Amino acid sequence: MQTDNFETSRAQLAARVNTTVNQTPVFDIHTHLYDPAFGSLLLYGIDDLLTYHYLVAEVFRYTEVPYQTFWKLKKTEQAELIWKHLFLEHSPISEACRGVLTTLNKLGLDVRERDLPKIRKWYAEQAPDTFVTQCLNTANVRKICMTNSPFDQIERKVWEKGFTRDERFVGGLRIDPLLLDWPAVATELQADGHHVETELNQKTISGIRHFLTKWGEKFASNYLMVSLPPSFSYPANDATSNILDEAVIPHCIETNQPLALMIGVKRAVNPQLELAGDGMGRAELQSLENLCQRYPKAKFLCTVLAKENQHELCVLARKFPNLHIFGCWWFTNIPHVIDEMTRLRFELLGLSVTPQHSDARVLDQLIYKWSHSRAIIANILTEKYSDLSQAGWQVTDTEIERDVQSLFGGAFEQFCQR
Ligand code: RAT
Ligand code: ZN
């Protein structure tokens with residue numbers, strides 16, 4: 001009898017939590033999506049969904065088509081090859097494959113038919129302007145942070161020309177080449193009108209600061225970001241540490257913007273796979289500890305790629321209020337790892353984290369990435385609230401709403417404003 005009561009109240013609690021998690025709009029703090037004013041840079045539709053680099057890596061598990069031949073194919077032909085191998089010849093159980101199906105299904109398409117031409121036809125009938133809103137509404141996303149790079153020539157042209165911004169798409173300043181490719185990148189800063197030399201002297205540092213100010217203002221950036229290799233080491237006697245100390249961190253403190261460190265990517269492990277060819281490795285988080293300790297006035301956002309680094313990262317965040325951890329990044333964005341990481345974070349940090357971002361590169365991906373993550377987050381939250389009820393603490397609907405808002409962007413916004 002008592003078990004029955006417990007089951008009933010647990011089911012009711014799960015229903016309340018699910019409703020709130022599904023109805024709370026999210027601020028997606030790291031994506032590769034663009035404001036619709038960027039035109040063709042904002043990818044959407046079935047061919048972009050199918051040629052997502054996560055799926056390109058997977059198709060080469062099955063096909064013997066040479067890399068060069070694949071890259072010479074038109075996007076539609078690549079998509080057909082991926083559809084054939086990953087969806088028709090094998091059941092599409094990987095997370096990236098399943099994501100395509102969740103997306104189509106939630107957009108109202110019948111995936112049972114396995115009919116690619118019909119799916120294409122449906123997409124061709126959608127009006128691009130309303131499709132953006134349809135995707136955001138279906139995914140229940142209120143705001144999206146872009147990844148804006150002053151080193152991307154195509155993107156730069158749009159910024160230089162100017163456009164009316166869609167307020168749902170906010171800026172983020174990406175600086176990988178500045179931190180990882182000095183002095184090669186100095187010529188790009190010079191061409192952009194900044195007085196820098198290859199030597200990191202005072203003149204160069206002020207030129208770099210000028211560059212950061214210019215693009216940060218143009219993008220109205222919310223934060224600065226960089227992806228770093230597992231070998232990232234700080235402090236070190238190298239250009240990366242020097243530029244961090246002299247330019248990037250002072251700029252972040254002065255403009256009250258966090259610096260997002262995404263640590264653990266090994267670029268071009270298989271260059272033939274192009275964008276799909278990056279790998280990963282375990283990072284050495286002592287460097288992050290050194291940064292948080294040396295710069296209590298700077299704010300750091302961090303996500304790490306290796307599963308093995310997640311526990312250590314949570315413990316670091318317990319030590320440093322200037323560190324906010326976010327997202328299940330890239331190879332960790334698979335259900336069993338999201339489940340494990342989210343539990344780890346909640347149990348060590350309570351609600352002072354941003355458990356997920358989408359990393360979407362194709363607009364429609366917002367739908368599956370958030371739907372899959374919401375289900376896992378709701379399940380864990382239910383379990384945690386249920387544990388509290390065993391101690392006599394009954395969470396109210398208002399408290400659930402407050403907590404979910406915080407997880408879905410509220411805590412991040414507060415951290416940025418601090
Ligand atoms: O998840 C991805 O799509 C990766 O290719 C990367 O873009 C990564 O998220 C990054 O921002 O470096
Ligand atoms: Zn990314």
# chains A, B, ... in the order shown; residues from 1 in each chain; ligands from 1
$ residues_near_ligand --ligand "ligand 1" --cutoff "8 Å" --atoms "only C-alpha atoms and all ligand atoms" --output "PDB file with N, CA and C atoms, in the first residue's frame"
ATOM      1  N   HIS A  30      25.768  28.156 -26.299  1.00  0.00           N
ATOM      2  CA  HIS A  30      26.843  27.945 -27.297  1.00  0.00           C
ATOM      3  C   HIS A  30      26.303  27.177 -28.496  1.00  0.00           C
ATOM      4  N   THR A  31      26.280  27.872 -29.631  1.00  0.00           N
ATOM      5  CA  THR A  31      25.846  27.246 -30.889  1.00  0.00           C
ATOM      6  C   THR A  31      26.769  27.746 -32.004  1.00  0.00           C
ATOM      7  N   HIS A  32      26.572  27.158 -33.166  1.00  0.00           N
ATOM      8  CA  HIS A  32      27.245  27.656 -34.370  1.00  0.00           C
ATOM      9  C   HIS A  32      26.184  28.127 -35.362  1.00  0.00           C
ATOM     10  N   HIS A  53      28.699  17.209 -39.459  1.00  0.00           N
ATOM     11  CA  HIS A  53      29.993  16.513 -39.402  1.00  0.00           C
ATOM     12  C   HIS A  53      29.982  15.312 -38.456  1.00  0.00           C
ATOM     13  N   TYR A  54      29.084  15.297 -37.475  1.00  0.00           N
ATOM     14  CA  TYR A  54      28.995  14.123 -36.596  1.00  0.00           C
ATOM     15  C   TYR A  54      28.594  12.891 -37.442  1.00  0.00           C
ATOM     16  N   THR A 147      28.519  31.841 -32.449  1.00  0.00           N
ATOM     17  CA  THR A 147      29.980  31.806 -32.345  1.00  0.00           C
ATOM     18  C   THR A 147      30.478  32.723 -33.444  1.00  0.00           C
ATOM     19  N   VAL A 226      37.179  30.165 -26.555  1.00  0.00           N
ATOM     20  CA  VAL A 226      38.252  29.481 -27.266  1.00  0.00           C
ATOM     21  C   VAL A 226      38.150  27.976 -26.996  1.00  0.00           C
ATOM     22  N   SER A 227      38.427  27.174 -28.034  1.00  0.00           N
ATOM     23  CA  SER A 227      38.570  25.720 -27.840  1.00  0.00           C
ATOM     24  C   SER A 227      40.053  25.434 -27.725  1.00  0.00           C
ATOM     25  N   MET A 262      36.968  25.896 -23.673  1.00  0.00           N
ATOM     26  CA  MET A 262      36.446  24.573 -24.022  1.00  0.00           C
ATOM     27  C   MET A 262      37.682  23.711 -24.250  1.00  0.00           C
ATOM     28  N   VAL A 265      40.120  19.407 -27.182  1.00  0.00           N
ATOM     29  CA  VAL A 265      40.022  19.004 -28.589  1.00  0.00           C
ATOM     30  C   VAL A 265      41.398  18.859 -29.248  1.00  0.00           C
ATOM     31  N   LEU A 275      36.144  18.791 -41.242  1.00  0.00           N
ATOM     32  CA  LEU A 275      35.539  19.211 -39.974  1.00  0.00           C
ATOM     33  C   LEU A 275      35.236  18.029 -39.046  1.00  0.00           C
ATOM     34  N   ALA A 276      35.025  16.847 -39.646  1.00  0.00           N
ATOM     35  CA  ALA A 276      34.692  15.665 -38.842  1.00  0.00           C
ATOM     36  C   ALA A 276      35.940  14.973 -38.291  1.00  0.00           C
ATOM     37  N   ASP A 278      38.319  15.965 -36.088  1.00  0.00           N
ATOM     38  CA  ASP A 278      38.907  16.311 -34.792  1.00  0.00           C
ATOM     39  C   ASP A 278      38.679  15.193 -33.773  1.00  0.00           C
ATOM     40  N   TRP A 329      29.580  18.761 -23.947  1.00  0.00           N
ATOM     41  CA  TRP A 329      30.158  19.249 -25.196  1.00  0.00           C
ATOM     42  C   TRP A 329      30.497  18.114 -26.160  1.00  0.00           C
ATOM     43  N   TRP A 330      29.960  18.210 -27.389  1.00  0.00           N
ATOM     44  CA  TRP A 330      30.418  17.414 -28.521  1.00  0.00           C
ATOM     45  C   TRP A 330      30.355  15.916 -28.261  1.00  0.00           C
ATOM     46  N   PHE A 331      31.500  15.249 -28.010  1.00  0.00           N
ATOM     47  CA  PHE A 331      31.492  13.794 -27.812  1.00  0.00           C
ATOM     48  C   PHE A 331      30.841  13.392 -26.483  1.00  0.00           C
ATOM     49  N   ASP A 359      25.320  23.354 -29.192  1.00  0.00           N
ATOM     50  CA  ASP A 359      26.379  23.279 -30.213  1.00  0.00           C
ATOM     51  C   ASP A 359      25.793  23.098 -31.613  1.00  0.00           C
ATOM     52  N   ALA A 360      24.509  23.386 -31.780  1.00  0.00           N
ATOM     53  CA  ALA A 360      23.865  23.182 -33.079  1.00  0.00           C
ATOM     54  C   ALA A 360      24.603  23.949 -34.177  1.00  0.00           C
ATOM     55  N   ARG A 361      24.760  23.289 -35.313  1.00  0.00           N
ATOM     56  CA  ARG A 361      25.306  23.936 -36.508  1.00  0.00           C
ATOM     57  C   ARG A 361      24.212  24.105 -37.541  1.00  0.00           C
TER      58      ARG A 361
END
$ select_by_dssp --residues "segment 268-385 of chain A" --states "strand (DSSP E or B)" --output "PDB file with N, CA, C and O atoms, in the first residue's frame"
ATOM      1  N   GLY A 279      39.652  15.047 -32.895  1.00  0.00           N
ATOM      2  CA  GLY A 279      39.536  14.054 -31.831  1.00  0.00           C
ATOM      3  C   GLY A 279      39.594  14.720 -30.466  1.00  0.00           C
ATOM      4  O   GLY A 279      39.318  15.926 -30.338  1.00  0.00           O
ATOM      5  N   MET A 280      39.945  13.953 -29.479  1.00  0.00           N
ATOM      6  CA  MET A 280      39.926  14.513 -28.122  1.00  0.00           C
ATOM      7  C   MET A 280      40.974  13.857 -27.235  1.00  0.00           C
ATOM      8  O   MET A 280      41.539  12.825 -27.580  1.00  0.00           O
ATOM      9  N   PHE A 300      35.383  32.754 -15.534  1.00  0.00           N
ATOM     10  CA  PHE A 300      35.660  31.689 -16.504  1.00  0.00           C
ATOM     11  C   PHE A 300      34.451  30.771 -16.652  1.00  0.00           C
ATOM     12  O   PHE A 300      33.869  30.329 -15.649  1.00  0.00           O
ATOM     13  N   LEU A 301      34.119  30.519 -17.925  1.00  0.00           N
ATOM     14  CA  LEU A 301      33.132  29.486 -18.235  1.00  0.00           C
ATOM     15  C   LEU A 301      33.956  28.297 -18.699  1.00  0.00           C
ATOM     16  O   LEU A 301      34.972  28.488 -19.368  1.00  0.00           O
ATOM     17  N   CYS A 302      33.538  27.094 -18.357  1.00  0.00           N
ATOM     18  CA  CYS A 302      34.344  25.967 -18.833  1.00  0.00           C
ATOM     19  C   CYS A 302      33.500  24.734 -19.117  1.00  0.00           C
ATOM     20  O   CYS A 302      32.528  24.437 -18.419  1.00  0.00           O
ATOM     21  N   THR A 303      33.882  24.045 -20.197  1.00  0.00           N
ATOM     22  CA  THR A 303      33.352  22.723 -20.490  1.00  0.00           C
ATOM     23  C   THR A 303      34.537  21.896 -20.980  1.00  0.00           C
ATOM     24  O   THR A 303      35.453  22.444 -21.602  1.00  0.00           O
ATOM     25  N   VAL A 304      34.552  20.626 -20.651  1.00  0.00           N
ATOM     26  CA  VAL A 304      35.691  19.790 -21.064  1.00  0.00           C
ATOM     27  C   VAL A 304      35.189  18.553 -21.805  1.00  0.00           C
ATOM     28  O   VAL A 304      34.096  18.064 -21.554  1.00  0.00           O
ATOM     29  N   LEU A 323      34.214  30.499 -11.509  1.00  0.00           N
ATOM     30  CA  LEU A 323      34.177  29.452 -12.537  1.00  0.00           C
ATOM     31  C   LEU A 323      32.751  28.901 -12.646  1.00  0.00           C
ATOM     32  O   LEU A 323      32.169  28.466 -11.649  1.00  0.00           O
ATOM     33  N   HIS A 324      32.209  28.958 -13.869  1.00  0.00           N
ATOM     34  CA  HIS A 324      30.856  28.428 -14.110  1.00  0.00           C
ATOM     35  C   HIS A 324      30.978  27.338 -15.168  1.00  0.00           C
ATOM     36  O   HIS A 324      31.512  27.582 -16.255  1.00  0.00           O
ATOM     37  N   ILE A 325      30.494  26.153 -14.870  1.00  0.00           N
ATOM     38  CA  ILE A 325      30.664  25.084 -15.852  1.00  0.00           C
ATOM     39  C   ILE A 325      29.384  24.889 -16.659  1.00  0.00           C
ATOM     40  O   ILE A 325      28.285  25.130 -16.185  1.00  0.00           O
ATOM     41  N   PHE A 326      29.574  24.501 -17.893  1.00  0.00           N
ATOM     42  CA  PHE A 326      28.406  24.433 -18.793  1.00  0.00           C
ATOM     43  C   PHE A 326      28.503  23.263 -19.772  1.00  0.00           C
ATOM     44  O   PHE A 326      29.595  22.822 -20.128  1.00  0.00           O
ATOM     45  N   THR A 354      25.183  25.401 -15.754  1.00  0.00           N
ATOM     46  CA  THR A 354      24.325  25.418 -16.943  1.00  0.00           C
ATOM     47  C   THR A 354      24.504  24.047 -17.580  1.00  0.00           C
ATOM     48  O   THR A 354      25.510  23.807 -18.259  1.00  0.00           O
ATOM     49  N   VAL A 362      23.145  23.377 -37.376  1.00  0.00           N
ATOM     50  CA  VAL A 362      22.007  23.412 -38.288  1.00  0.00           C
ATOM     51  C   VAL A 362      20.795  23.765 -37.424  1.00  0.00           C
ATOM     52  O   VAL A 362      20.586  23.156 -36.371  1.00  0.00           O
TER      53      VAL A 362
END
$ residues_around --residues "Tyr123 of chain A" --least-positions-apart "2" --cutoff "12 Å" --atoms "only C-alpha atoms" --output "PyMOL selection string"
chain A and resi 44-49+104+107-109+116-121+125-128+131+364
$ write_last_selection --atoms "N, CA, C and O atoms" --output "PDB file, in the first residue's frame"
ATOM      1  N   TYR A  44      19.998  25.090 -42.540  1.00  0.00           N
ATOM      2  CA  TYR A  44      18.802  24.367 -42.106  1.00  0.00           C
ATOM      3  C   TYR A  44      18.378  23.405 -43.202  1.00  0.00           C
ATOM      4  O   TYR A  44      18.815  23.527 -44.348  1.00  0.00           O
ATOM      5  N   GLY A  45      17.525  22.455 -42.851  1.00  0.00           N
ATOM      6  CA  GLY A  45      16.979  21.543 -43.860  1.00  0.00           C
ATOM      7  C   GLY A  45      17.625  20.173 -43.835  1.00  0.00           C
ATOM      8  O   GLY A  45      18.676  19.952 -43.225  1.00  0.00           O
ATOM      9  N   ILE A  46      17.011  19.253 -44.545  1.00  0.00           N
ATOM     10  CA  ILE A  46      17.398  17.844 -44.463  1.00  0.00           C
ATOM     11  C   ILE A  46      18.824  17.580 -44.965  1.00  0.00           C
ATOM     12  O   ILE A  46      19.558  16.779 -44.384  1.00  0.00           O
ATOM     13  N   ASP A  47      19.261  18.291 -46.019  1.00  0.00           N
ATOM     14  CA  ASP A  47      20.612  17.989 -46.520  1.00  0.00           C
ATOM     15  C   ASP A  47      21.689  18.469 -45.551  1.00  0.00           C
ATOM     16  O   ASP A  47      22.724  17.819 -45.401  1.00  0.00           O
ATOM     17  N   ASP A  48      21.428  19.601 -44.886  1.00  0.00           N
ATOM     18  CA  ASP A  48      22.382  20.040 -43.862  1.00  0.00           C
ATOM     19  C   ASP A  48      22.313  19.158 -42.619  1.00  0.00           C
ATOM     20  O   ASP A  48      23.335  18.900 -41.975  1.00  0.00           O
ATOM     21  N   LEU A  49      21.114  18.695 -42.297  1.00  0.00           N
ATOM     22  CA  LEU A  49      21.005  17.772 -41.148  1.00  0.00           C
ATOM     23  C   LEU A  49      21.807  16.500 -41.418  1.00  0.00           C
ATOM     24  O   LEU A  49      22.544  16.015 -40.561  1.00  0.00           O
ATOM     25  N   LEU A 104      12.773  15.456 -37.407  1.00  0.00           N
ATOM     26  CA  LEU A 104      11.751  15.327 -38.454  1.00  0.00           C
ATOM     27  C   LEU A 104      10.396  15.002 -37.827  1.00  0.00           C
ATOM     28  O   LEU A 104       9.366  15.584 -38.190  1.00  0.00           O
ATOM     29  N   LEU A 107       8.815  17.892 -36.267  1.00  0.00           N
ATOM     30  CA  LEU A 107       8.346  18.864 -37.282  1.00  0.00           C
ATOM     31  C   LEU A 107       7.093  18.341 -37.994  1.00  0.00           C
ATOM     32  O   LEU A 107       6.555  19.005 -38.872  1.00  0.00           O
ATOM     33  N   GLY A 108       6.677  17.127 -37.638  1.00  0.00           N
ATOM     34  CA  GLY A 108       5.418  16.603 -38.175  1.00  0.00           C
ATOM     35  C   GLY A 108       5.584  15.685 -39.382  1.00  0.00           C
ATOM     36  O   GLY A 108       4.598  15.320 -40.023  1.00  0.00           O
ATOM     37  N   LEU A 109       6.822  15.310 -39.706  1.00  0.00           N
ATOM     38  CA  LEU A 109       7.030  14.406 -40.850  1.00  0.00           C
ATOM     39  C   LEU A 109       6.904  12.946 -40.406  1.00  0.00           C
ATOM     40  O   LEU A 109       7.211  12.616 -39.264  1.00  0.00           O
ATOM     41  N   LEU A 116      13.311   9.924 -48.461  1.00  0.00           N
ATOM     42  CA  LEU A 116      14.115  11.146 -48.504  1.00  0.00           C
ATOM     43  C   LEU A 116      13.567  12.185 -49.492  1.00  0.00           C
ATOM     44  O   LEU A 116      13.467  13.366 -49.137  1.00  0.00           O
ATOM     45  N   PRO A 117      13.204  11.804 -50.732  1.00  0.00           N
ATOM     46  CA  PRO A 117      12.656  12.831 -51.646  1.00  0.00           C
ATOM     47  C   PRO A 117      11.422  13.531 -51.072  1.00  0.00           C
ATOM     48  O   PRO A 117      11.271  14.747 -51.227  1.00  0.00           O
ATOM     49  N   LYS A 118      10.590  12.801 -50.362  1.00  0.00           N
ATOM     50  CA  LYS A 118       9.389  13.408 -49.776  1.00  0.00           C
ATOM     51  C   LYS A 118       9.771  14.411 -48.670  1.00  0.00           C
ATOM     52  O   LYS A 118       9.169  15.479 -48.538  1.00  0.00           O
ATOM     53  N   ILE A 119      10.776  14.059 -47.900  1.00  0.00           N
ATOM     54  CA  ILE A 119      11.247  14.964 -46.838  1.00  0.00           C
ATOM     55  C   ILE A 119      11.798  16.239 -47.486  1.00  0.00           C
ATOM     56  O   ILE A 119      11.518  17.358 -47.051  1.00  0.00           O
ATOM     57  N   ARG A 120      12.559  16.051 -48.552  1.00  0.00           N
ATOM     58  CA  ARG A 120      13.109  17.220 -49.258  1.00  0.00           C
ATOM     59  C   ARG A 120      11.990  18.112 -49.788  1.00  0.00           C
ATOM     60  O   ARG A 120      12.086  19.337 -49.739  1.00  0.00           O
ATOM     61  N   LYS A 121      10.962  17.483 -50.298  1.00  0.00           N
ATOM     62  CA  LYS A 121       9.840  18.231 -50.865  1.00  0.00           C
ATOM     63  C   LYS A 121       9.179  19.066 -49.763  1.00  0.00           C
ATOM     64  O   LYS A 121       8.874  20.243 -49.943  1.00  0.00           O
ATOM     65  N   GLU A 125       8.964  23.411 -49.319  1.00  0.00           N
ATOM     66  CA  GLU A 125       7.720  24.179 -49.197  1.00  0.00           C
ATOM     67  C   GLU A 125       7.719  25.123 -47.995  1.00  0.00           C
ATOM     68  O   GLU A 125       6.798  25.919 -47.828  1.00  0.00           O
ATOM     69  N   GLN A 126       8.729  25.049 -47.127  1.00  0.00           N
ATOM     70  CA  GLN A 126       8.749  25.910 -45.931  1.00  0.00           C
ATOM     71  C   GLN A 126       9.323  27.287 -46.279  1.00  0.00           C
ATOM     72  O   GLN A 126      10.310  27.374 -46.988  1.00  0.00           O
ATOM     73  N   ALA A 127       8.699  28.312 -45.755  1.00  0.00           N
ATOM     74  CA  ALA A 127       9.229  29.672 -45.970  1.00  0.00           C
ATOM     75  C   ALA A 127      10.364  29.902 -44.982  1.00  0.00           C
ATOM     76  O   ALA A 127      10.167  29.722 -43.774  1.00  0.00           O
ATOM     77  N   PRO A 128      11.562  30.268 -45.471  1.00  0.00           N
ATOM     78  CA  PRO A 128      12.719  30.399 -44.580  1.00  0.00           C
ATOM     79  C   PRO A 128      12.456  31.295 -43.357  1.00  0.00           C
ATOM     80  O   PRO A 128      12.852  30.935 -42.249  1.00  0.00           O
ATOM     81  N   PHE A 131      10.326  29.613 -40.834  1.00  0.00           N
ATOM     82  CA  PHE A 131      10.930  28.361 -40.369  1.00  0.00           C
ATOM     83  C   PHE A 131      11.836  28.590 -39.154  1.00  0.00           C
ATOM     84  O   PHE A 131      11.905  27.753 -38.259  1.00  0.00           O
ATOM     85  N   ASP A 364      17.595  23.327 -37.341  1.00  0.00           N
ATOM     86  CA  ASP A 364      16.632  22.287 -36.937  1.00  0.00           C
ATOM     87  C   ASP A 364      17.176  21.375 -35.832  1.00  0.00           C
ATOM     88  O   ASP A 364      16.413  20.729 -35.128  1.00  0.00           O
TER      89      ASP A 364
END
$ closest_residue --among "A:Ile377, A:Val132, A:Ala298, A:Ala79" --to "Asn18 of chain A" --atoms "only C-alpha atoms"
A:Ile377
$ closest_residue --among "A:Gln202, A:Asn148, A:Asn5, A:Asn270" --to "ligand 2" --atoms "only C-alpha atoms and all ligand atoms"
A:Asn148
$ closest_residue --among "A:Asn379, A:Arg318, A:Thr255, A:Gln356" --to "Ala411 of chain A" --atoms "only C-alpha atoms"
A:Gln356
$ residues_around --residues "Ala283 of chain A" --least-positions-apart "3" --cutoff "10 Å" --atoms "only C-alpha atoms" --output "ChimeraX atom specification"
/A:228-233,263-265,280,286-288,304-306,308-309
$ write_last_selection --atoms "N, CA and C atoms" --output "PDB file, in the first residue's frame"
ATOM      1  N   LEU A 228      40.427  24.633 -26.745  1.00  0.00           N
ATOM      2  CA  LEU A 228      41.848  24.410 -26.474  1.00  0.00           C
ATOM      3  C   LEU A 228      42.201  22.918 -26.540  1.00  0.00           C
ATOM      4  N   PRO A 229      43.451  22.635 -26.884  1.00  0.00           N
ATOM      5  CA  PRO A 229      43.872  21.224 -26.933  1.00  0.00           C
ATOM      6  C   PRO A 229      44.038  20.659 -25.525  1.00  0.00           C
ATOM      7  N   PRO A 230      44.078  19.324 -25.414  1.00  0.00           N
ATOM      8  CA  PRO A 230      44.291  18.716 -24.093  1.00  0.00           C
ATOM      9  C   PRO A 230      45.620  19.157 -23.485  1.00  0.00           C
ATOM     10  N   SER A 231      46.572  19.514 -24.354  1.00  0.00           N
ATOM     11  CA  SER A 231      47.905  19.903 -23.860  1.00  0.00           C
ATOM     12  C   SER A 231      47.951  21.341 -23.343  1.00  0.00           C
ATOM     13  N   PHE A 232      46.824  22.049 -23.356  1.00  0.00           N
ATOM     14  CA  PHE A 232      46.821  23.449 -22.893  1.00  0.00           C
ATOM     15  C   PHE A 232      47.436  23.538 -21.502  1.00  0.00           C
ATOM     16  N   SER A 233      48.411  24.427 -21.391  1.00  0.00           N
ATOM     17  CA  SER A 233      49.120  24.552 -20.131  1.00  0.00           C
ATOM     18  C   SER A 233      49.270  26.029 -19.769  1.00  0.00           C
ATOM     19  N   ILE A 263      37.933  22.810 -23.316  1.00  0.00           N
ATOM     20  CA  ILE A 263      39.254  22.168 -23.294  1.00  0.00           C
ATOM     21  C   ILE A 263      39.168  20.683 -23.647  1.00  0.00           C
ATOM     22  N   GLY A 264      40.084  20.272 -24.529  1.00  0.00           N
ATOM     23  CA  GLY A 264      40.205  18.833 -24.797  1.00  0.00           C
ATOM     24  C   GLY A 264      40.173  18.419 -26.246  1.00  0.00           C
ATOM     25  N   VAL A 265      40.120  19.407 -27.182  1.00  0.00           N
ATOM     26  CA  VAL A 265      40.022  19.004 -28.589  1.00  0.00           C
ATOM     27  C   VAL A 265      41.398  18.859 -29.248  1.00  0.00           C
ATOM     28  N   MET A 280      39.945  13.953 -29.479  1.00  0.00           N
ATOM     29  CA  MET A 280      39.926  14.513 -28.122  1.00  0.00           C
ATOM     30  C   MET A 280      40.974  13.857 -27.235  1.00  0.00           C
ATOM     31  N   GLN A 286      44.929  21.485 -13.977  1.00  0.00           N
ATOM     32  CA  GLN A 286      45.721  22.346 -13.105  1.00  0.00           C
ATOM     33  C   GLN A 286      45.814  23.754 -13.704  1.00  0.00           C
ATOM     34  N   SER A 287      45.849  23.816 -15.040  1.00  0.00           N
ATOM     35  CA  SER A 287      45.954  25.118 -15.717  1.00  0.00           C
ATOM     36  C   SER A 287      44.726  25.975 -15.448  1.00  0.00           C
ATOM     37  N   LEU A 288      43.565  25.359 -15.449  1.00  0.00           N
ATOM     38  CA  LEU A 288      42.338  26.101 -15.150  1.00  0.00           C
ATOM     39  C   LEU A 288      42.354  26.580 -13.697  1.00  0.00           C
ATOM     40  N   VAL A 304      34.552  20.626 -20.651  1.00  0.00           N
ATOM     41  CA  VAL A 304      35.691  19.790 -21.064  1.00  0.00           C
ATOM     42  C   VAL A 304      35.189  18.553 -21.805  1.00  0.00           C
ATOM     43  N   LEU A 305      36.025  18.078 -22.695  1.00  0.00           N
ATOM     44  CA  LEU A 305      35.595  17.042 -23.631  1.00  0.00           C
ATOM     45  C   LEU A 305      35.738  15.626 -23.078  1.00  0.00           C
ATOM     46  N   ALA A 306      36.708  15.437 -22.209  1.00  0.00           N
ATOM     47  CA  ALA A 306      36.949  14.066 -21.729  1.00  0.00           C
ATOM     48  C   ALA A 306      36.035  13.741 -20.550  1.00  0.00           C
ATOM     49  N   GLU A 308      36.666  11.660 -18.393  1.00  0.00           N
ATOM     50  CA  GLU A 308      37.543  11.488 -17.224  1.00  0.00           C
ATOM     51  C   GLU A 308      37.837  12.801 -16.504  1.00  0.00           C
ATOM     52  N   ASN A 309      37.587  13.936 -17.159  1.00  0.00           N
ATOM     53  CA  ASN A 309      37.886  15.233 -16.532  1.00  0.00           C
ATOM     54  C   ASN A 309      36.693  15.824 -15.776  1.00  0.00           C
TER      55      ASN A 309
END
$ residues_around --residues "Asn22 of chain A" --least-positions-apart "5" --cutoff "9 Å" --atoms "only C-alpha atoms" --output "VMD selection string"
chain A and resid 17 140 371 374 to 375 378
$ atom_distance --atom1 "atom CA of His90 of chain A" --atom2 "atom CA of Val59 of chain A"
10.7 Å
$ residues_around --residues "Lys157 of chain A" --least-positions-apart "5" --cutoff "12 Å" --atoms "only C-alpha atoms" --output "compact mmCIF listing (two decimals) with N, CA, C and O atoms, in the first residue's frame"
# COMPACT_ATOMS: atom_id res chain seq x y z
N ALA A 37 20.00 37.19 -40.75
CA ALA A 37 20.57 38.19 -41.67
C ALA A 37 21.84 37.68 -42.36
O ALA A 37 22.27 38.25 -43.37
N PHE A 38 22.43 36.60 -41.83
CA PHE A 38 23.63 36.05 -42.46
C PHE A 38 23.31 35.14 -43.65
O PHE A 38 24.21 34.55 -44.24
N LEU A 41 24.61 31.39 -44.37
CA LEU A 41 25.43 30.89 -43.25
C LEU A 41 24.57 30.20 -42.19
O LEU A 41 25.06 29.39 -41.42
N SER A 149 33.33 34.85 -35.36
CA SER A 149 34.78 34.92 -35.50
C SER A 149 35.22 36.06 -36.41
O SER A 149 34.85 36.09 -37.58
N PRO A 150 36.05 36.96 -35.86
CA PRO A 150 36.60 38.01 -36.72
C PRO A 150 37.60 37.45 -37.73
O PRO A 150 38.02 38.15 -38.64
N PHE A 151 37.96 36.18 -37.55
CA PHE A 151 38.91 35.55 -38.48
C PHE A 151 38.21 34.84 -39.64
O PHE A 151 38.86 34.30 -40.51
N ASP A 152 36.88 34.85 -39.60
CA ASP A 152 36.12 34.21 -40.68
C ASP A 152 35.75 35.28 -41.71
O ASP A 152 34.93 36.16 -41.44
N GLY A 162 26.92 45.57 -42.15
CA GLY A 162 25.90 45.97 -41.16
C GLY A 162 24.54 45.39 -41.49
O GLY A 162 24.23 45.11 -42.65
N PHE A 163 23.73 45.18 -40.47
CA PHE A 163 22.40 44.59 -40.65
C PHE A 163 21.58 44.85 -39.39
O PHE A 163 22.13 45.21 -38.34
$ atom_distance --atom1 "atom CA of Phe211 of chain A" --atom2 "atom CA of Asn290 of chain A"
26.0 Å
$ closest_residue --among "A:Arg174, A:His336, A:Arg282, A:Arg343" --to "ligand 2" --atoms "only C-alpha atoms and all ligand atoms"
A:Arg174
$ atom_distance --atom1 "atom CA of Glu77 of chain A" --atom2 "atom CA of Arg112 of chain A"
21.8 Å
$ residues_around --residues "Ala220 of chain A" --least-positions-apart "4" --cutoff "9 Å" --atoms "only C-alpha atoms" --output "ChimeraX atom specification"
/A:170-173,215-216
$ select_by_dssp --residues "segment 50-204 of chain A" --states "helix (DSSP H, G or I)" --output "NGL selection string"
:A and (50 or 53-59 or 67-72 or 75-88 or 95-106 or 111-113 or 116-124 or 128-139 or 153-161 or 176-180 or 186-191 or 202-204)
$ closest_residue --among "A:Glu312, A:Asp176, A:Asp115, A:Glu64" --to "ligand 2" --atoms "only C-alpha atoms and all ligand atoms"
A:Asp176
$ closest_residue --among "A:Asn137, A:Thr103, A:Thr164, A:Ser358" --to "ligand 2" --atoms "only C-alpha atoms and all ligand atoms"
A:Ser358
$ decode --residues "segment 396-407 of chain A" --atoms "C-alpha atoms" --output "mmCIF file, in the first residue's frame"
data_model
loop_
_atom_site.group_PDB
_atom_site.id
_atom_site.type_symbol
_atom_site.label_atom_id
_atom_site.label_comp_id
_atom_site.auth_asym_id
_atom_site.auth_seq_id
_atom_site.Cartn_x
_atom_site.Cartn_y
_atom_site.Cartn_z
ATOM 1 C CA THR A 396 6.547 23.580 -4.744
ATOM 2 C CA ASP A 397 5.685 24.296 -8.395
ATOM 3 C CA THR A 398 7.119 27.798 -8.043
ATOM 4 C CA GLU A 399 10.367 26.371 -6.741
ATOM 5 C CA ILE A 400 10.569 23.906 -9.635
ATOM 6 C CA GLU A 401 10.021 26.748 -12.109
ATOM 7 C CA ARG A 402 12.692 28.872 -10.422
ATOM 8 C CA ASP A 403 15.188 26.008 -10.507
ATOM 9 C CA VAL A 404 14.573 25.135 -14.162
ATOM 10 C CA GLN A 405 14.799 28.756 -15.271
ATOM 11 C CA SER A 406 18.129 28.954 -13.548
ATOM 12 C CA LEU A 407 19.407 25.812 -15.283
#
